[in-house]
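Q: Structure in structure tokens, see below.
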Amino acid sequence: MPRSYPSEFRRKVLDLVEEGRPVAEIAAQLGVSGQTIYSWRNQDLVDRGLRPGVSTAESAELAAARKRIRELETELAITKRAYELLKEQSDPKGVSGSSPRS
């Protein structure tokens with residue numbers, strides 16, 4: 001699983017890159033891979049609207065929506081199963097639901 005860095009740390013690293021410090025130097029000093037720094041820089045450009053792509057806020061919103069959809073699908077499956085079980089209990093096999101009236 002990838003290591004997670006605090007947003008303040010990322011911001012400081014990006015500030016160093018914007019100051020013109022070489023990515024390789026920053027990476028070596030801080031123990032972060034150069035590719036990670038490039039990824040942060042690219043995402044920062046997307047977030048600021050300077051490059052097309054999905055912003056961090058949009059990505060978080062999509063993740064939350066997908067999680068909620070999974071929860072709702074699970075709830076629906078449980079409800080359907082409970083309905084089926086209750087229907088079987090109240091309607092024994094071989095007995096029709098309507099009684100003839102004379």
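Residues in the structure tokens are named by chain (A, B, ... in the order shown) and by number from 1 within that chain; ligands are numbered from 1 in the order shown.
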Taking only chain A into account, list the residues labelled helix (DSSP H, G or I) by DSSP (computed from the backbone), as a PyMOL selection string.
A: chain A and resi 7-18+23-30+34-47+56-90
Q: With only C-alpha atoms as the basis for distance, which of A:Glu71, A:Arg41, A:Thr36, A:Ile78 is at the shortest distance from Asp15 of chain A?
A: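 Among the listed residues, A:Arg41 lies closest to Asp15 of chain A.
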Q: Near Val23 of chain A, within 9 Å and counting only C-alpha atoms, which residues show up once chain neighbours fewer than 5 positions away are dropped, as number ranges by chain?
A: A: 16-17, 28, 34, 37-38
